[in-house]
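**Q** Submitted below is the structure of interest, expressed as structure tokens.
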Amino acid sequence: GLSEAFPGSITVNLVSKDGQIISSLSKNISLLPIDESASADHVDEILASFVTPNDDAVKELVNKASSILLSKYKSSSFAAYQFHDPNKVLEELDALYLALEGEGIRYSEPPSSFEKSFQRVRLPYVVIKEKLGTCIDLSLLLASMIEAVGLRPLLVIVNGHALTGAWLDEDSFVDGTELLNEASKGYNHLALINAVDASSMSSLNFSQALENGYHALEEAKPFYYALDIASCRHERILPIPTPHKLEDGSISLSFPFNKETKEYETPSVDVSER
């Protein structure tokens, strides 16, 4: 794959039945590395594709969280919303937070990018491997873990910072304009986590990370947007494919295959009305 942006072009030909080119149009494009997300002139929801719950490294980290859940709360597995109990969901989020904290990930600046209109982010498996991450990198990793256990994560982007949220009730949903009001209702509806508090530079526990998450949202000026990842999935914004180790030890990078449509699923978003 690409490690830096690369210039390219795309050509579309309109061809007649007998193979003659009727019309042709060419455009210059910029091919980007898979870990670069646009920071200008972009669709906000695309950030949801960087939440990768099925990544091998994310699954391994969730397994560590399962052991923590068992030892601390005597729960043998993640039940998500099955108990319809916000406190049970908070226990699971605590276990995920502790597993992330145990990785000893250091806070760092974003990876170098030489594109003025794009910011490079670290995909969750890269954060786990390199033990480095920004607030958005750590938020994406925690959101990936949350989605992997069947909970509904959110990404909250404010001025100069990113937060990870999780609905404590399966049926909860608000748009960005109502998020502040919902957060003010407390833990019965929404958990908002400052994922940076799980980095090695901090020694804050899960409860403190929750408090910091709420404070960061209340003090955010400006508030940019909040993404409900489940809603993004319904819009066919799917996870970016990440390396997967096969049984023979080889590495595969592929899109998920939909057995019903018999097509490979690729991240997409409808921008026709934007």
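So you can find residues: chains in the structure tokens are A, B, ... in the order shown, residues in each start at 1, and ligands are numbered from 1 in order.
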Taking a cut-off of 12 Å and counting only C-alpha atoms, can you build a table that, for each residue of segment 187-212 of chain A near segment 217-221 of chain A, reports the nearest atom pair and how far apart they are in Å (one decimal), sorted by chain then residue number, as a tab-separated table?
**A**
residue	atom	partner	partner_atom	distance
A:Ala191	CA	A:Leu217	CA	11.8
A:Leu192	CA	A:Leu217	CA	8.6
A:Ile193	CA	A:Leu217	CA	10.1
A:Asn194	CA	A:Leu217	CA	9.8
A:Leu210	CA	A:Leu217	CA	10.9
A:Glu211	CA	A:Leu217	CA	10.1
A:Asn212	CA	A:Leu217	CA	8.6
**Q** What's the 10 Å shell around segment 157-161 of chain A, counting only C-alpha atoms, without same-chain residues fewer than 6 positions away, as a list in words?
**A**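 That gives Asp44, Thr134, Cys135, Ile136, Ser139, Asn194, Val196, Ala216, Leu217, Glu219, Ala220, Lys221, Pro222, Phe223, Tyr224, Tyr225, Ala226 and Leu227 of chain A.
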**Q** Please identify all polymer residues within 7 Å of Leu154 of chain A, counting only C-alpha atoms, omitting same-chain residues fewer than 6 positions from it, and present them as an MDAnalysis selection string.
**A** chainID A and resid 143 164:166 226:229
**Q** List the neighbours of Ser202 of chain A out to 10 Å using only C-alpha atoms; skip same-chain residues closer than 5 positions along the sequence, and give me the result as a PyMOL selection string.
**A** chain A and resi 101+104+106-107+196-197+209
**Q** Filtering to N, CA and C atoms, could you give me those residues as a PDB file, in the first residue's frame?
**A**
ATOM      1  N   GLU A 101      -5.697   0.764  29.060  1.00  0.00           N
ATOM      2  CA  GLU A 101      -4.713   1.374  29.956  1.00  0.00           C
ATOM      3  C   GLU A 101      -3.500   0.461  30.152  1.00  0.00           C
ATOM      4  N   GLY A 104      -0.078   0.510  27.930  1.00  0.00           N
ATOM      5  CA  GLY A 104       1.017   1.466  28.094  1.00  0.00           C
ATOM      6  C   GLY A 104       1.245   2.333  26.869  1.00  0.00           C
ATOM      7  N   ARG A 106       1.648   5.540  24.711  1.00  0.00           N
ATOM      8  CA  ARG A 106       2.113   6.894  24.983  1.00  0.00           C
ATOM      9  C   ARG A 106       1.390   7.894  24.089  1.00  0.00           C
ATOM     10  N   TYR A 107       1.056   9.038  24.669  1.00  0.00           N
ATOM     11  CA  TYR A 107       0.440  10.100  23.869  1.00  0.00           C
ATOM     12  C   TYR A 107       1.501  10.728  22.982  1.00  0.00           C
ATOM     13  N   VAL A 196      -7.738   9.650  26.226  1.00  0.00           N
ATOM     14  CA  VAL A 196      -6.339   9.999  26.517  1.00  0.00           C
ATOM     15  C   VAL A 196      -5.968   9.629  27.950  1.00  0.00           C
ATOM     16  N   ASP A 197      -6.965   9.594  28.837  1.00  0.00           N
ATOM     17  CA  ASP A 197      -6.696   9.252  30.233  1.00  0.00           C
ATOM     18  C   ASP A 197      -6.234   7.798  30.391  1.00  0.00           C
ATOM     19  N   ALA A 209     -11.965   9.283  34.085  1.00  0.00           N
ATOM     20  CA  ALA A 209     -11.999   9.488  32.631  1.00  0.00           C
ATOM     21  C   ALA A 209     -13.396   9.887  32.175  1.00  0.00           C
TER      22      ALA A 209
END
**Q** Ranking A:Glu92, A:Glu170, A:Asp137, A:Asp55 by minimum distance to Ser75 of chain A and counting only C-alpha atoms, which one comes first?
**A** A:Glu92
**Q** For Asp169 of chain A, work out the shell of residues within 10 Å, counting only C-alpha atoms and skipping chain neighbours fewer than 2 positions away, then give it as a PDB file with N, CA and C atoms, in the first residue's frame.
**A**
ATOM      1  N   ALA A  80     -23.261  -6.902  26.590  1.00  0.00           N
ATOM      2  CA  ALA A  80     -23.757  -5.688  25.931  1.00  0.00           C
ATOM      3  C   ALA A  80     -25.051  -5.212  26.587  1.00  0.00           C
ATOM      4  N   TYR A  81     -26.151  -5.165  25.824  1.00  0.00           N
ATOM      5  CA  TYR A  81     -27.404  -4.610  26.359  1.00  0.00           C
ATOM      6  C   TYR A  81     -28.392  -5.687  26.822  1.00  0.00           C
ATOM      7  N   HIS A  84     -30.257  -4.964  30.024  1.00  0.00           N
ATOM      8  CA  HIS A  84     -30.989  -3.696  30.071  1.00  0.00           C
ATOM      9  C   HIS A  84     -30.668  -2.927  31.357  1.00  0.00           C
ATOM     10  N   ASP A  85     -29.368  -2.949  31.706  1.00  0.00           N
ATOM     11  CA  ASP A  85     -28.906  -2.338  32.945  1.00  0.00           C
ATOM     12  C   ASP A  85     -27.698  -1.450  32.644  1.00  0.00           C
ATOM     13  N   PRO A  86     -27.837  -0.127  32.737  1.00  0.00           N
ATOM     14  CA  PRO A  86     -26.714   0.770  32.469  1.00  0.00           C
ATOM     15  C   PRO A  86     -25.486   0.482  33.322  1.00  0.00           C
ATOM     16  N   VAL A  89     -23.424  -2.162  31.713  1.00  0.00           N
ATOM     17  CA  VAL A  89     -22.700  -1.611  30.571  1.00  0.00           C
ATOM     18  C   VAL A  89     -21.477  -0.834  31.041  1.00  0.00           C
ATOM     19  N   LEU A 151     -21.581  -3.135  21.918  1.00  0.00           N
ATOM     20  CA  LEU A 151     -22.110  -1.863  22.388  1.00  0.00           C
ATOM     21  C   LEU A 151     -22.076  -0.833  21.261  1.00  0.00           C
ATOM     22  N   ARG A 152     -22.778   0.271  21.450  1.00  0.00           N
ATOM     23  CA  ARG A 152     -22.881   1.299  20.416  1.00  0.00           C
ATOM     24  C   ARG A 152     -21.995   2.491  20.770  1.00  0.00           C
ATOM     25  N   ALA A 166     -20.368   6.019  24.546  1.00  0.00           N
ATOM     26  CA  ALA A 166     -21.076   4.744  24.403  1.00  0.00           C
ATOM     27  C   ALA A 166     -22.468   4.910  24.994  1.00  0.00           C
ATOM     28  N   TRP A 167     -23.470   4.479  24.259  1.00  0.00           N
ATOM     29  CA  TRP A 167     -24.831   4.508  24.787  1.00  0.00           C
ATOM     30  C   TRP A 167     -24.987   3.424  25.843  1.00  0.00           C
ATOM     31  N   ASP A 171     -31.546   1.686  22.921  1.00  0.00           N
ATOM     32  CA  ASP A 171     -32.492   2.483  22.155  1.00  0.00           C
ATOM     33  C   ASP A 171     -32.197   3.971  22.174  1.00  0.00           C
ATOM     34  N   SER A 172     -31.147   4.382  22.890  1.00  0.00           N
ATOM     35  CA  SER A 172     -30.839   5.808  22.985  1.00  0.00           C
ATOM     36  C   SER A 172     -30.258   6.327  21.684  1.00  0.00           C
ATOM     37  N   PHE A 173     -30.645   7.525  21.326  1.00  0.00           N
ATOM     38  CA  PHE A 173     -30.051   8.198  20.171  1.00  0.00           C
ATOM     39  C   PHE A 173     -30.422   9.675  20.211  1.00  0.00           C
ATOM     40  N   ASN A 188     -27.052   7.378  33.245  1.00  0.00           N
ATOM     41  CA  ASN A 188     -28.169   6.513  32.873  1.00  0.00           C
ATOM     42  C   ASN A 188     -28.400   6.456  31.371  1.00  0.00           C
ATOM     43  N   HIS A 189     -27.769   7.341  30.638  1.00  0.00           N
ATOM     44  CA  HIS A 189     -28.012   7.398  29.199  1.00  0.00           C
ATOM     45  C   HIS A 189     -26.736   7.265  28.367  1.00  0.00           C
ATOM     46  N   LEU A 190     -25.720   7.997  28.746  1.00  0.00           N
ATOM     47  CA  LEU A 190     -24.540   8.098  27.902  1.00  0.00           C
ATOM     48  C   LEU A 190     -23.259   8.133  28.731  1.00  0.00           C
TER      49      LEU A 190
END
**Q** Would you compute the distance between atom CA of Tyr97 of chain A and atom CA of Asn205 of chain A? Give it in Å to one decimal.
**A**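 Separating atom CA of Tyr97 of chain A from atom CA of Asn205 of chain A is a distance of 8.4 Å.
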**Q** Distance atom CA of Val156 of chain A-atom CA of Ile68 of chain A, one decimal place?
**A**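 That distance, rounded to one decimal, is 26.5 Å.
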**Q** Provide the atom CA of Tyr214 of chain A to atom CA of Ser144 of chain A distance in Å, to one decimal place.
**A**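 Between atom CA of Tyr214 of chain A and atom CA of Ser144 of chain A the gap is 20.4 Å.
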**Q** Give me, as JSON, numbers by chain, all polymer residues having an atom no more than 9 Å from segment 69-71 of chain A, counting only C-alpha atoms and skipping those fewer than 2 positions away in the same chain.
**A** {"A": [64, 65, 66, 67, 73, 74, 75, 76, 77, 78, 91, 92, 94, 95, 96]}
**Q** Assign secondary structure with DSSP using the backbone only, and return the residues of segment 7-227 of chain A in strand (DSSP E or B) as number ranges by chain.
**A** A: 7-15, 21-31, 36-38, 106-107, 118-120, 132-133, 153-158, 161-167, 190-193, 223-227
**Q** As JSON, numbers by chain, please: every residue in segment 36-158 of chain A that DSSP puts in alpha helix (DSSP H).
**A** {"A": [56, 57, 58, 59, 60, 61, 62, 63, 64, 65, 66, 67, 68, 69, 70, 71, 72, 73, 86, 87, 88, 89, 90, 91, 92, 93, 94, 95, 96, 97, 98, 99, 100, 101, 124, 125, 126, 127, 128, 129, 130, 135, 136, 137, 138, 139, 140, 141, 142, 143, 144, 145, 146, 147, 148]}
**Q** Which is closest to Pro124 of chain A among A:Pro110, A:Gly213, A:Pro53, A:Gly8, if we use only C-alpha atoms?
**A**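 So, comparing all the options, the nearest one is A:Pro53.
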